[in-house]
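Data block for final-v9.csv (CSV, C-alpha atoms):
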chain,number,residue,atom,x,y,z
A,1,MET,CA,-4.2,-6.6,20.5
A,2,ILE,CA,-1.5,-4.3,19.3
A,3,HIS,CA,-2.7,-1.3,17.3
A,4,PHE,CA,-0.6,1.0,15.1
A,5,ILE,CA,-1.7,4.5,14.4
A,6,ILE,CA,-0.3,6.5,11.5
A,7,LEU,CA,-0.8,10.3,11.9
A,8,ALA,CA,-1.1,11.8,8.4
A,9,ALA,CA,-3.7,14.6,8.9
A,10,GLY,CA,-1.3,17.5,8.5
A,11,LYS,CA,-1.7,19.6,5.3
A,12,SER,CA,2.1,20.3,5.1
A,13,ARG,CA,1.3,23.9,4.0
A,14,ARG,CA,4.9,24.9,3.2
A,15,PHE,CA,5.5,21.7,1.3
A,16,SER,CA,2.1,21.5,-0.5
A,17,LYS,CA,2.3,25.1,-1.5
A,18,LYS,CA,5.0,24.1,-4.0
A,19,ASN,CA,3.9,20.5,-4.8
A,20,ASN,CA,0.1,20.8,-4.5
A,21,ILE,CA,0.0,17.8,-2.2
A,22,PRO,CA,1.0,17.1,1.4
A,23,LYS,CA,4.4,15.4,1.9
A,24,GLN,CA,2.9,12.2,3.2
A,25,LEU,CA,1.2,11.6,-0.2
A,26,TYR,CA,4.0,12.8,-2.4
A,27,SER,CA,4.9,9.8,-4.7
A,28,VAL,CA,8.3,8.9,-6.0
A,29,ASN,CA,8.1,6.2,-8.7
A,30,GLY,CA,4.5,5.4,-7.5
A,31,VAL,CA,5.4,5.1,-3.8
A,32,ASN,CA,4.4,7.7,-1.3
A,33,PRO,CA,5.6,7.8,2.4
A,34,ILE,CA,2.4,6.5,3.8
A,35,GLU,CA,2.4,3.4,1.6
A,36,HIS,CA,6.1,2.7,2.1
A,37,LEU,CA,5.5,2.9,5.8
A,38,LEU,CA,2.4,0.6,5.5
A,39,ARG,CA,4.4,-2.1,3.7
A,40,SER,CA,7.0,-2.4,6.5
A,41,VAL,CA,4.4,-2.2,9.4
A,42,SER,CA,2.2,-4.7,7.7
A,43,ASN,CA,5.1,-7.2,7.6
A,44,ASN,CA,5.4,-7.0,11.4
A,45,LYS,CA,3.7,-10.1,12.8
A,46,LYS,CA,3.1,-8.4,16.2
A,47,ILE,CA,0.9,-5.7,14.7
A,48,ASP,CA,-2.8,-6.6,14.6
A,49,SER,CA,-4.4,-3.5,13.2
A,50,ILE,CA,-3.5,-0.3,11.5
A,51,THR,CA,-5.4,3.0,11.7
A,52,ILE,CA,-4.6,5.9,9.4
A,53,VAL,CA,-5.6,9.4,10.4
A,54,ILE,CA,-5.8,11.7,7.3
A,55,ASN,CA,-7.2,15.1,6.5
A,56,LYS,CA,-10.7,14.7,5.1
A,57,ASP,CA,-9.7,16.4,1.8
A,58,TYR,CA,-7.3,13.5,1.1
A,59,LYS,CA,-9.2,10.6,2.6
A,60,LYS,CA,-10.4,9.2,-0.8
A,61,ASN,CA,-6.7,9.0,-1.9
A,62,LEU,CA,-6.2,6.1,0.6
A,63,PHE,CA,-9.3,3.9,0.2
A,64,LYS,CA,-7.6,1.7,-2.4
A,65,LEU,CA,-5.0,0.7,0.2
A,66,LYS,CA,-7.5,-1.2,2.3
A,67,LYS,CA,-7.7,-3.8,-0.6
A,68,LYS,CA,-3.9,-4.3,-0.4
A,69,TYR,CA,-3.3,-4.4,3.3
A,70,ASN,CA,-5.6,-6.5,5.4
A,71,LYS,CA,-4.2,-5.1,8.7
A,72,LEU,CA,-5.4,-1.6,7.6
A,73,THR,CA,-8.7,-1.7,9.4
A,74,SER,CA,-9.6,2.0,9.6
A,75,ILE,CA,-9.0,5.3,7.7
A,76,ILE,CA,-10.5,8.2,9.7
A,77,SER,CA,-10.5,12.0,9.4
A,78,GLY,CA,-8.1,13.9,11.6
A,79,GLY,CA,-8.4,17.0,13.8
A,80,SER,CA,-7.0,20.5,13.5
A,81,THR,CA,-3.9,19.6,15.5
A,82,ARG,CA,-1.7,16.5,15.9
A,83,GLN,CA,-3.0,16.0,19.5
A,84,GLU,CA,-6.6,16.1,18.3
A,85,SER,CA,-5.8,13.5,15.6
A,86,SER,CA,-4.2,11.2,18.2
A,87,LEU,CA,-7.2,11.4,20.5
A,88,LEU,CA,-9.6,10.7,17.6
A,89,ALA,CA,-7.7,7.6,16.7
A,90,LEU,CA,-7.5,6.4,20.3
A,91,LYS,CA,-11.2,6.9,20.8
A,92,HIS,CA,-11.9,5.1,17.5
A,93,ILE,CA,-9.9,2.1,18.5
A,94,LYS,CA,-11.6,2.0,21.9
A,95,ARG,CA,-15.1,2.0,20.4
A,96,LYS,CA,-14.2,-1.0,18.3
A,97,ARG,CA,-12.9,-3.0,21.1
A,98,LYS,CA,-15.2,-4.6,23.8
A,99,ASN,CA,-12.3,-5.5,26.1
A,100,CYS,CA,-9.1,-3.6,25.5
A,101,SER,CA,-7.6,-3.6,29.0
A,102,ARG,CA,-4.4,-5.3,27.7
A,103,ASP,CA,-4.3,-3.5,24.4
A,104,ILE,CA,-1.2,-1.7,23.2
A,105,VAL,CA,-1.0,1.2,20.8
A,106,LEU,CA,1.9,2.7,18.8
A,107,ILE,CA,1.5,6.2,17.5
A,108,HIS,CA,3.7,7.2,14.6
A,109,ASP,CA,4.1,10.1,12.2
A,110,ALA,CA,3.5,9.3,8.6
A,111,ALA,CA,6.3,11.7,7.7
A,112,ARG,CA,8.8,9.1,9.1
A,113,PRO,CA,8.5,6.4,6.4
A,114,PHE,CA,11.7,4.5,7.0
A,115,LEU,CA,10.8,2.7,10.2
A,116,ASP,CA,12.7,-0.4,11.1
A,117,ASN,CA,10.7,-3.3,12.6
A,118,LYS,CA,13.3,-3.6,15.3
A,119,ILE,CA,12.2,-0.3,16.8
A,120,ILE,CA,8.6,-1.4,16.8
A,121,ASN,CA,9.5,-4.7,18.5
A,122,LYS,CA,11.6,-2.9,21.2
A,123,CYS,CA,8.8,-0.4,21.9
A,124,ILE,CA,6.3,-3.3,22.4
A,125,SER,CA,8.6,-5.4,24.6
A,126,GLY,CA,9.4,-2.4,26.8
A,127,LEU,CA,5.8,-2.0,27.8
A,128,ASN,CA,6.1,-5.1,30.0
A,129,LYS,CA,7.5,-2.8,32.7
A,130,PHE,CA,6.7,0.7,31.5
A,131,ASP,CA,3.6,2.7,30.4
A,132,CYS,CA,5.3,4.4,27.6
A,133,VAL,CA,8.3,3.5,25.4
A,134,PHE,CA,9.8,5.6,22.6
A,135,PRO,CA,13.0,6.0,20.5
A,136,ILE,CA,15.5,8.8,20.9
A,137,ILE,CA,18.5,9.9,18.9
A,138,LYS,CA,21.7,11.7,19.9
A,139,ILE,CA,22.3,15.2,18.6
A,140,ASP,CA,25.5,15.2,16.4
A,141,ASP,CA,25.4,18.9,15.3
A,142,THR,CA,26.6,21.8,17.3
A,143,ILE,CA,23.6,23.5,18.8
A,144,ARG,CA,23.4,27.3,19.3
A,145,LYS,CA,20.5,29.5,20.3
A,146,LYS,CA,19.1,31.9,17.7
A,147,GLY,CA,20.1,35.5,18.2
A,148,ASP,CA,22.9,35.5,20.7
A,149,LEU,CA,24.2,32.1,19.4
A,150,GLU,CA,24.6,30.8,23.0
A,151,LEU,CA,26.2,27.4,22.8
A,152,PHE,CA,24.2,24.4,24.2
A,153,ASN,CA,25.8,21.2,25.5
A,154,ARG,CA,24.6,18.7,22.9
A,155,ASP,CA,25.5,15.8,25.2
A,156,GLN,CA,22.5,16.9,27.3
A,157,LEU,CA,20.1,17.0,24.4
A,158,ILE,CA,18.2,14.3,22.5
A,159,GLY,CA,15.9,14.1,19.6
A,160,ILE,CA,12.5,12.4,20.2
A,161,GLN,CA,11.2,10.1,17.4
A,162,THR,CA,8.1,8.0,16.8
A,163,PRO,CA,6.6,5.4,17.2
A,164,GLN,CA,5.6,6.1,20.7
A,165,ALA,CA,4.2,3.0,22.4
A,166,PHE,CA,1.6,3.0,25.2
A,167,ILE,CA,-0.9,1.0,27.2
A,168,LEU,CA,-4.0,2.0,25.3
A,169,ASN,CA,-6.3,2.8,28.2
A,170,LYS,CA,-3.6,4.8,30.0
A,171,ILE,CA,-2.7,7.1,27.2
A,172,LEU,CA,-6.3,7.6,26.2
A,173,ASP,CA,-7.2,8.6,29.8
A,174,ALA,CA,-4.3,11.1,29.8
A,175,HIS,CA,-5.4,12.5,26.5
A,176,LYS,CA,-8.9,13.1,27.8
A,177,LYS,CA,-7.6,14.9,30.9
A,178,THR,CA,-5.0,17.2,29.5
A,179,LYS,CA,-5.8,20.8,28.8
A,180,SER,CA,-2.4,21.5,27.3
A,181,ASN,CA,-1.4,21.3,23.6
A,182,PHE,CA,1.6,19.2,23.0
A,183,THR,CA,3.5,18.2,19.8
A,184,ASP,CA,3.8,14.5,20.8
A,185,ASP,CA,2.1,11.9,23.0
A,186,VAL,CA,5.1,11.3,25.3
A,187,SER,CA,4.6,14.8,26.6
A,188,ILE,CA,1.0,14.0,27.6
A,189,ALA,CA,2.1,10.7,29.2
A,190,ARG,CA,4.8,12.6,31.3
A,191,GLU,CA,2.3,15.2,32.4
A,192,PHE,CA,0.2,12.6,34.1
A,193,GLY,CA,3.1,10.6,35.6
A,194,LEU,CA,3.1,7.6,33.3
A,195,SER,CA,6.4,5.6,33.6
A,196,THR,CA,8.6,6.0,30.5
A,197,LYS,CA,11.5,4.2,28.9
A,198,THR,CA,13.7,5.3,26.0
A,199,ILE,CA,15.2,3.0,23.4
A,200,PRO,CA,17.8,3.9,20.7
A,201,GLY,CA,16.3,5.4,17.6
A,202,GLN,CA,17.8,5.5,14.1
A,203,LYS,CA,18.9,8.3,11.8
A,204,LEU,CA,17.0,6.5,9.0
A,205,ASN,CA,13.8,7.1,10.9
A,206,PHE,CA,14.0,10.8,10.1
A,207,LYS,CA,11.0,13.1,9.6
A,208,ILE,CA,10.3,14.6,6.2
A,209,THR,CA,9.5,18.3,6.8
A,210,SER,CA,10.8,20.2,3.8
A,211,ASN,CA,11.5,19.9,0.1
A,212,SER,CA,15.1,19.1,0.7
A,213,ASP,CA,14.0,16.1,2.8
A,214,ILE,CA,12.0,14.8,-0.1
A,215,GLU,CA,15.2,14.7,-2.1
A,216,ILE,CA,16.6,12.3,0.6
A,217,TYR,CA,13.4,10.3,0.3
A,218,LYS,CA,13.8,10.0,-3.4
A,219,LYS,CA,17.4,8.7,-3.1
A,220,LEU,CA,16.4,6.2,-0.3
A,221,ILE,CA,13.2,4.8,-1.6
A,222,GLU,CA,14.7,2.9,-4.5
A,223,GLN,CA,16.8,0.9,-2.1
A,224,PHE,CA,13.8,-1.0,-0.8
A,225,TYR,CA,12.2,-2.1,-4.1
A,226,GLU,CA,13.0,-4.7,-6.8
A,227,THR,CA,11.6,-4.4,-10.3
A,228,ARG,CA,10.5,-7.6,-11.9
A,229,ILE,CA,9.3,-8.5,-15.4
A,230,GLY,CA,6.8,-11.2,-16.3
A,231,ASN,CA,5.0,-12.4,-19.4
A,232,GLY,CA,1.9,-14.4,-20.1
A,233,PHE,CA,0.3,-16.1,-23.1
A,234,ASP,CA,-3.1,-17.6,-23.6
A,235,PHE,CA,-5.1,-19.0,-26.6
A,236,HIS,CA,-8.7,-20.2,-26.9
A,237,LYS,CA,-10.5,-21.8,-29.8
A,238,PHE,CA,-13.8,-20.4,-31.2
A,239,LYS,CA,-17.0,-22.3,-30.9
A,240,ASN,CA,-20.6,-21.5,-31.9
A,241,GLY,CA,-22.0,-19.0,-29.4
A,242,SER,CA,-23.6,-15.6,-28.9
A,243,SER,CA,-21.0,-13.6,-26.9
A,244,LEU,CA,-17.3,-13.1,-26.3
A,245,LYS,CA,-15.5,-11.8,-23.3
A,246,ILE,CA,-12.1,-10.0,-23.8
A,247,GLY,CA,-10.4,-8.3,-20.9
A,248,GLY,CA,-13.5,-8.5,-18.8
A,249,TYR,CA,-15.6,-6.8,-21.5
A,250,LYS,CA,-18.5,-8.9,-22.8
A,251,PHE,CA,-20.2,-8.2,-26.1
A,252,LYS,CA,-22.4,-9.9,-28.7
A,253,SER,CA,-20.6,-12.2,-31.1
A,254,LYS,CA,-21.2,-15.0,-33.6
A,255,TYR,CA,-18.6,-17.0,-31.6
A,256,SER,CA,-17.8,-17.9,-28.0
A,257,LEU,CA,-14.6,-19.4,-26.8
A,258,GLU,CA,-13.9,-23.0,-25.7
A,259,ALA,CA,-12.7,-23.2,-22.1
A,260,ASN,CA,-13.6,-24.6,-18.7
A,261,SER,CA,-13.9,-21.1,-17.4
A,262,ASP,CA,-15.4,-18.1,-19.3
A,263,GLY,CA,-12.4,-18.4,-21.6
A,264,ASP,CA,-11.2,-14.8,-21.4
A,265,PRO,CA,-7.7,-14.9,-23.0
A,266,VAL,CA,-6.7,-11.4,-21.9
A,267,LEU,CA,-7.4,-12.0,-18.2
A,268,HIS,CA,-5.8,-15.4,-18.4
A,269,SER,CA,-2.6,-14.0,-19.9
A,270,ILE,CA,-2.5,-11.1,-17.4
A,271,THR,CA,-2.9,-13.6,-14.6
A,272,ASP,CA,0.0,-15.7,-15.9
A,273,ALA,CA,2.2,-12.6,-16.3
A,274,ILE,CA,1.6,-11.6,-12.7
A,275,LEU,CA,2.3,-15.1,-11.4
A,276,GLY,CA,5.5,-15.2,-13.5
A,277,CYS,CA,6.7,-12.0,-11.9
A,278,LEU,CA,6.2,-13.5,-8.5
A,279,GLY,CA,7.7,-16.9,-9.3
A,280,GLU,CA,4.3,-18.5,-8.5
A,281,ASN,CA,4.1,-21.0,-11.4
A,282,ASP,CA,1.1,-20.6,-13.8
A,283,ILE,CA,-2.7,-20.3,-13.8
A,284,GLY,CA,-3.1,-24.1,-14.3
A,285,PHE,CA,-1.1,-24.8,-11.2
A,286,HIS,CA,-3.5,-22.8,-9.0
A,287,PHE,CA,-6.7,-23.7,-11.0
A,288,GLU,CA,-6.8,-27.2,-12.5
A,289,PRO,CA,-8.0,-26.8,-16.1
A,290,ASN,CA,-10.7,-29.5,-16.0
A,291,ASN,CA,-11.9,-28.9,-12.4
A,292,ARG,CA,-15.7,-28.7,-12.4
A,293,LEU,CA,-15.5,-26.1,-9.7
A,294,TYR,CA,-14.3,-23.6,-12.3
A,295,LYS,CA,-16.9,-24.5,-15.0
A,296,ASN,CA,-17.9,-21.2,-16.7
A,297,ILE,CA,-16.3,-19.2,-13.8
A,298,ASN,CA,-15.6,-15.5,-14.2
A,299,SER,CA,-11.8,-15.2,-15.0
A,300,VAL,CA,-11.7,-12.2,-12.5
A,301,ILE,CA,-11.4,-15.0,-9.9
A,302,PHE,CA,-8.0,-16.0,-11.4
A,303,ILE,CA,-6.8,-12.4,-11.5
A,304,ASN,CA,-7.8,-11.9,-7.9
A,305,LYS,CA,-5.8,-14.9,-6.8
A,306,ALA,CA,-2.7,-13.5,-8.6
A,307,LEU,CA,-3.3,-10.1,-7.0
A,308,GLU,CA,-3.7,-11.7,-3.6
A,309,LEU,CA,-0.3,-13.3,-4.0
A,310,MET,CA,1.2,-10.0,-5.2
A,311,TYR,CA,-0.1,-8.1,-2.2
A,312,LYS,CA,1.3,-10.7,0.2
A,313,LYS,CA,4.7,-9.8,-1.3
A,314,GLN,CA,3.9,-6.1,-1.1
A,315,GLY,CA,4.0,-5.9,-4.9
A,316,GLN,CA,2.8,-3.1,-7.1
A,317,ILE,CA,2.0,-3.1,-10.8
A,318,LEU,CA,4.0,-0.5,-12.8
A,319,ASN,CA,2.6,-1.1,-16.2
A,320,LEU,CA,1.0,-3.6,-18.6
A,321,ASP,CA,1.6,-4.1,-22.3
A,322,ILE,CA,-1.1,-6.3,-23.8
A,323,ASN,CA,-1.1,-7.7,-27.4
A,324,ILE,CA,-4.3,-9.2,-28.5
A,325,ILE,CA,-3.8,-11.5,-31.5
A,326,CYS,CA,-6.9,-12.1,-33.7
A,327,ASP,CA,-8.5,-11.5,-37.0
A,328,TYR,CA,-11.9,-11.5,-35.3
A,329,PRO,CA,-13.2,-9.4,-33.7
A,330,LYS,CA,-11.7,-6.0,-34.6
A,331,ILE,CA,-10.1,-4.7,-31.4
A,332,ASN,CA,-9.8,-1.0,-32.2
A,333,PRO,CA,-13.6,-0.2,-31.8
A,334,ILE,CA,-13.6,-1.8,-28.3
A,335,ARG,CA,-10.1,-1.0,-27.2
A,336,ALA,CA,-11.1,1.8,-24.8
A,337,LYS,CA,-13.8,-0.4,-23.2
A,338,ILE,CA,-11.4,-3.2,-22.6
A,339,ARG,CA,-8.8,-0.9,-21.1
A,340,LYS,CA,-11.4,0.6,-18.7
A,341,LYS,CA,-12.5,-2.9,-17.6
A,342,ILE,CA,-8.9,-4.0,-17.0
A,343,SER,CA,-8.3,-0.8,-15.1
A,344,ASN,CA,-11.2,-1.5,-12.8
A,345,ILE,CA,-10.3,-5.1,-12.2
A,346,LEU,CA,-6.7,-4.4,-11.3
A,347,ASN,CA,-7.4,-1.1,-9.6
A,348,LEU,CA,-4.8,0.4,-11.9
A,349,SER,CA,-4.9,3.7,-13.8
A,350,GLU,CA,-5.6,3.4,-17.5
A,351,ASP,CA,-2.4,5.3,-18.5
A,352,LYS,CA,-0.4,2.3,-17.2
A,353,ILE,CA,-2.3,-0.1,-19.5
A,354,ASN,CA,-1.4,-0.4,-23.1
A,355,ILE,CA,-3.4,-2.5,-25.5
A,356,LYS,CA,-2.1,-3.5,-28.9
A,357,ALA,CA,-3.9,-5.5,-31.6
A,358,SER,CA,-2.2,-7.8,-34.1
A,359,THR,CA,-3.8,-9.6,-37.0
A,360,THR,CA,-2.5,-12.7,-38.7
A,361,GLU,CA,-4.3,-11.7,-42.0
A,362,GLU,CA,-5.9,-15.1,-42.1
A,363,GLU,CA,-2.5,-16.9,-42.0
A,364,GLY,CA,-1.4,-19.4,-39.4
A,365,PHE,CA,-3.4,-21.0,-36.6
A,366,ILE,CA,-4.8,-17.8,-35.0
A,367,ASN,CA,-7.3,-16.5,-37.4
A,368,ALA,CA,-10.9,-15.5,-37.9
A,369,ILE,CA,-12.0,-19.2,-37.9
A,370,ASN,CA,-9.8,-20.8,-35.2
A,371,GLY,CA,-9.6,-18.4,-32.2
A,372,ILE,CA,-8.0,-15.6,-30.2
A,373,ALA,CA,-4.6,-15.4,-28.4
A,374,CYS,CA,-3.1,-12.8,-26.1
A,375,GLN,CA,0.4,-11.9,-25.0
A,376,THR,CA,1.0,-9.8,-21.8
A,377,ALA,CA,4.2,-8.2,-20.6
A,378,ILE,CA,4.1,-6.8,-17.1
A,379,SER,CA,6.5,-5.0,-14.8
A,380,LEU,CA,6.0,-4.6,-11.1
A,381,LYS,CA,7.8,-3.6,-7.9
A,382,VAL,CA,8.3,-6.0,-5.0
A,383,PHE,CA,9.0,-4.6,-1.5
A,384,GLN,CA,12.3,-5.9,-0.1
A,385,TYR,CA,12.4,-4.2,3.3
A,386,ASP,CA,12.6,-6.5,6.4
Is it possible to express this structure as structure tokens?
Amino acid sequence: MIHFIILAAGKSRRFSKKNNIPKQLYSVNGVNPIEHLLRSVSNNKKIDSITIVINKDYKKNLFKLKKKYNKLTSIISGGSTRQESSLLALKHIKRKRKNCSRDIVLIHDAARPFLDNKIINKCISGLNKFDCVFPIIKIDDTIRKKGDLELFNRDQLIGIQTPQAFILNKILDAHKKTKSNFTDDVSIAREFGLSTKTIPGQKLNFKITSNSDIEIYKKLIEQFYETRIGNGFDFHKFKNGSSLKIGGYKFKSKYSLEANSDGDPVLHSITDAILGCLGENDIGFHFEPNNRLYKNINSVIFINKALELMYKKQGQILNLDINIICDYPKINPIRAKIRKKISNILNLSEDKINIKASTTEEEGFINAINGIACQTAISLKVFQYD
């Protein structure tokens, strides 16, 4: 197996002092460096598992990511240094694997979010002949020493980047034996004589360390995402009954709704809106309307299918605008409960969900006798990075 470790346990004290959050969790238009990195790494077919090492104070911020990325198998607490965090991750992977003699591990800094899959692939292929493979970059700036400004020959200097790839057992053994404190894993590998190979790195694979670097991140991040718009519409007739379900919220009612499923018009319209954004047909295409398998089924099943397709395309919902059209029931008294239900179902904050209510004032087909309709407009971002 090939494992990918994302080291994100640093508190970024200089950065967080101004922004109240470490740099790896700083979001720009809803995307932070960790998740942007996750999206590209998850797309790599060679990677089997991903482990994130995070400071325990921010661990809860990442749990929702496990629903979106099936390769993200572990989120663990880090140590007080980068080296301790690496060792904790390596030990964690080792404990989960009965036979890992041929396993490979790549260790990467979360503060380097713009990682090209070509670098990952070259690191992995280089391990056929070497114990350690890592990217390097040439120094283009003139380099002088602080104080006396002594000039260095930049042709003799290189910058070391991540990911740094290793044979799992070999780097774990080296970590356990070292008594030094290093700033990267290559240094530990070299201390114990592991064979190393360098590959060309990329300037895009830079490390976010300061507030000025975040400005670069802001300008780059939009290049990797496409915003899409979708809409959905659903209508269900009333029938005699004792309860209604709207947006996942169930309550007592003089009517129920005619449908093969539970007949939730809000969840059905949201499902169609997501499918429309993704170019994935409509709800009836994925769930045949008269199929007995879906008799009285919870409409959350339909939503989950749409979300599954969205996650495969690395999509993210930006906002929902929902218009419930009915003369019965009155939506305003239950609006907050519906919003909360939808928020839980979609794992989306309530401030991104708007619910409007329209009445036909007993005119037209949608009225207090005939039924309920719902329109949904949605915008989402789709990840476009190879």
Task: Test item: residues at most 10 Å from segment 138-142 of chain A, all atoms listed in the file, excluding those fewer than 4 positions along its chain, as a list in words - done: Leu151, Phe152, Asn153, Arg154, Asp155, Gln156, Leu157, Ile158, Gly159, Ile160, Pro200, Gly201, Gln202 and Lys203 of chain A
Leaving out Ile52 of chain A and any residue of its chain fewer than 6 positions from it, which residues lie within 7 Å of it when counting all atoms listed in the file, given as a PDB file with C-alpha atoms, in the frame of the given file?
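Output file selection-v7.pdb follows:
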ATOM      1  CA  ILE A   5      -1.700   4.500  14.400  1.00  0.00           C
ATOM      2  CA  ILE A   6      -0.300   6.500  11.500  1.00  0.00           C
ATOM      3  CA  LEU A   7      -0.800  10.300  11.900  1.00  0.00           C
ATOM      4  CA  ALA A   8      -1.100  11.800   8.400  1.00  0.00           C
ATOM      5  CA  SER A  74      -9.600   2.000   9.600  1.00  0.00           C
ATOM      6  CA  ILE A  75      -9.000   5.300   7.700  1.00  0.00           C
ATOM      7  CA  ILE A  76     -10.500   8.200   9.700  1.00  0.00           C
TER       8      ILE A  76
END
- [ ] Find the residues around Ile104 of chain A up to 9 Å (only C-alpha atoms counted), leave out those fewer than 6 positions away in its own chain, and share them as a count of residues only.
- [x] 11
- [ ] Go ahead and compute the interatomic distance for atom CA of Lys98 of chain A and atom CA of Ile50 of chain A, in Å to one decimal.
- [x]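 Computing it gives 17.5 Å between the two atoms.
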Open item on the list: Give me the residues near Leu25 of chain A as a ChimeraX atom specification, where near means some atom within 7 Å (using all atoms listed in the file) and where sequence neighbours in that chain fewer than 5 positions away do not count.
Closed with: /A:32-34
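The two atoms in question, atom CA of Asp185 of chain A and atom CA of Asn44 of chain A, are spaced 22.4 Å apart.
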Open item on the list: Between atom CA of Glu258 of chain A and atom CA of Phe238 of chain A, what is the distance in Å, rounded to a tenth?
Closed with: 6.1 Å
Open item on the list: Counting only C-alpha atoms, which residue out of A:Thr196, A:Asn211, A:Thr271, A:Asn332 sits closest to Cys123 of chain A?
Closed with: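 That would be A:Thr196, the residue with the smallest distance to Cys123 of chain A.
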- [ ] Rank nothing, just name the residue among A:Phe182, A:Phe302, A:Tyr255, A:Phe63 nearest to Gly241 of chain A, using only C-alpha atoms.
- [x]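 The closest residue to Gly241 of chain A is A:Tyr255.
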Open item on the list: Taking all atoms listed in the file into account, name the residue in A:Lys11, A:Arg82, A:Lys239, A:Lys305 that is nearest to Asp109 of chain A.
Closed with: A:Arg82
TODO: Would you kindly identify which residues have an atom no farther than 10 Å from (-18.5, -15.1, -14.7), using all atoms listed in the file and the file's own coordinates, and write them out as a PyMOL selection string?
DONE: chain A and resi 245+248+261-264+294-301
TODO: Find the residue from A:Asn291, A:Asn70, A:Ser242, A:Gln164 that sits nearest to Lys197 of chain A; use all atoms listed in the file when measuring.
DONE: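 Selected residue with least distance to Lys197 of chain A: A:Gln164.
Near segment 85-89 of chain A, within a cut-off of 9 Å and counting only C-alpha atoms, sit the residues Ile5, Leu7, Ala8, Ala9, Thr51, Ile52, Val53, Ile54, Ile76, Ser77, Gly78, Gly79, Ser80, Thr81, Arg82, Gln83, Lys91, His92, Ile93, Lys94, Ile107, Leu172, His175, Lys176 and Asp185 of chain A, with same-chain residues fewer than 2 positions away left out.
Comparing the minimum interatomic distances between Asn121 of chain A and each of A:Ile47, A:Ala273, A:Thr376, A:Leu149, counting all atoms listed in the file, we find that A:Ile47 sits nearest.
The closest residue to Gly284 of chain A, picked from A:Asp234, A:Cys326, A:Arg144, A:Asp184 and counting all atoms listed in the file, is A:Asp234.
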